[in-house]
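Presented below is the structure to which this report refers.
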Amino acid sequence: MSKRTLLHALHVIMLSNQPQQAIGFASWLKCQREMEEDEIIMNNKVNGAPGEDPISIAVYDLLENRVDEKSVVLIEPGQSKILLNIKLDERTLGRFHDVQFLVETLPYERGEALQSSFIDASKGGGTMCDGRRAHARGKKGWTMLQANANDCPFAVKAGYASYHGAVTLTPVVQIRLRDGRAEEL
């Protein structure tokens with residue numbers, strides 16, 4: 001093996017062993033860390049949802065009809081594959097130019113096996129943690145949740161950040177049965 005070939009091989013090995021740069025907090029968060037108030041994510045403390053004028057998530061059905069009302073989505077009992085498009089509510093985003101967000105189902109504990117899961121996300125995003133989390137970027141970013149009525153009641157919470165700033169939580173959206181039997185979380 002020539003000296004030049006050996007140097008090239010060593011260079012390739014060194015480059016492949018370099019840590020990959022996270023493109024945002026969702027990539028950094030992975031599945032092991034909790035998205036909770038006061039948690040430290042990318043050297044910043046996670047902020048709770050502000051009491052006044054919080055940025056919130058919006059939930060739409062496949063026909064793009066908004067289906068959340070006062071942070072509650074009601075679904076029919078017995079439905080097993082309800083597709084819900086979840087994104088940041090554009091009416092509440094205002095000043096943000098570059099925003100990224102992560103959504104997760106609650107309860108999030110790894111032992112809980114919800115049948116509901118995130119199955120897709122817009123370009124630049126993705127699903128993670130066996131469908132318990134999904135992330136997207138930009139004001140038009142979206143995530144797709146396949147909800148199952150057998151999981152009710154459950155909830156979806158989100159956190160967002162602009163550029164590499166601190167993550168701020170949104171108000172939680174509850175997913176409940178329409179017949180009212182499911183108690184509030």
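Each chain in the structure tokens gets a letter, A, B, ..., in the order shown, and its residues are numbered from 1; ligands are numbered from 1 in order too.
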
Using backbone DSSP assignments, extract all strand (DSSP E or B) residues from range 22-178 of chain A; output them as a VMD selection string. chain A and resid 40 to 41 44 to 45 47 57 to 60 66 68 to 69 72 to 75 82 to 88 99 to 106 117 to 121 126 to 128 133 to 137 143 to 147 154 to 162 168 to 169 173 to 177

Would you mind listing what lies within 7 Å of range 114-117 of chain A as a ChimeraX atom specification, with only C-alpha atoms counted and same-chain residues fewer than 3 positions away left out? /A:131-132,145-148,151

Counting only C-alpha atoms, which residue out of A:Val167, A:Arg178, A:Leu62, A:Cys31 sits closest to Ala134 in chain A?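 Ranking A:Val167, A:Arg178, A:Leu62, A:Cys31 by distance to Ala134 in chain A, first place goes to A:Cys31.
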
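Atom pair CA of Gln174 in chain A / CA of Ile40 in chain A: separated by 25.4 Å.
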
Please return as a list of chain:residue names: the residues of range 32-156 of chain A that backbone DSSP assigns to helix (DSSP H, G or I). A:Glu90, A:Arg91, A:Thr92, A:Leu93, A:Cys129, A:Asp130, A:Gly131, A:Ala149, A:Asn150, A:Asp151

Next, dump the selected residues to file, keeping only N, CA, C and O atoms, as a compact mmCIF listing (two decimals), in the first residue's frame.
```txt
# COMPACT_ATOMS: atom_id res chain seq x y z
N GLU A 90 -50.09 28.94 13.24
CA GLU A 90 -49.52 30.13 12.57
C GLU A 90 -50.03 31.43 13.17
O GLU A 90 -49.32 32.43 13.16
N ARG A 91 -51.24 31.43 13.71
CA ARG A 91 -51.79 32.66 14.31
C ARG A 91 -51.02 33.08 15.55
O ARG A 91 -51.04 34.24 15.93
N THR A 92 -50.32 32.13 16.18
CA THR A 92 -49.60 32.46 17.41
C THR A 92 -48.10 32.61 17.21
O THR A 92 -47.39 32.99 18.14
N LEU A 93 -47.60 32.32 16.00
CA LEU A 93 -46.15 32.34 15.76
C LEU A 93 -45.55 33.73 15.66
O LEU A 93 -44.43 33.95 16.09
N CYS A 129 -38.19 7.71 18.19
CA CYS A 129 -38.59 7.08 19.45
C CYS A 129 -39.79 6.15 19.26
O CYS A 129 -40.76 6.21 20.02
N ASP A 130 -39.73 5.31 18.24
CA ASP A 130 -40.81 4.36 17.94
C ASP A 130 -42.15 5.07 17.77
O ASP A 130 -43.19 4.54 18.16
N GLY A 131 -42.13 6.25 17.20
CA GLY A 131 -43.36 7.00 16.92
C GLY A 131 -43.87 7.84 18.07
O GLY A 131 -44.89 8.51 17.94
N ALA A 149 -58.46 5.42 19.25
CA ALA A 149 -59.40 5.73 20.33
C ALA A 149 -59.14 4.88 21.58
O ALA A 149 -59.45 5.31 22.69
N ASN A 150 -58.56 3.70 21.42
CA ASN A 150 -58.27 2.84 22.58
C ASN A 150 -57.26 3.46 23.53
O ASN A 150 -57.16 3.04 24.68
N ASP A 151 -56.49 4.43 23.07
CA ASP A 151 -55.50 5.09 23.92
C ASP A 151 -56.10 6.22 24.76
O ASP A 151 -55.43 6.75 25.64
```

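Summary of the local environment: counting only C-alpha atoms, residues at most 10 Å from Pro171 in chain A, other than itself and those fewer than 5 positions away along its chain, are Gly48, Ala49, Pro50, Gly51, Pro54, Ile55, Ser56, Ile57, Ser71, Val156, Lys157, Ala158 and Gly159 of chain A.
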
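As for CA of Phe118 in chain A and CA of Asn43 in chain A, they are spaced 27.2 Å apart.
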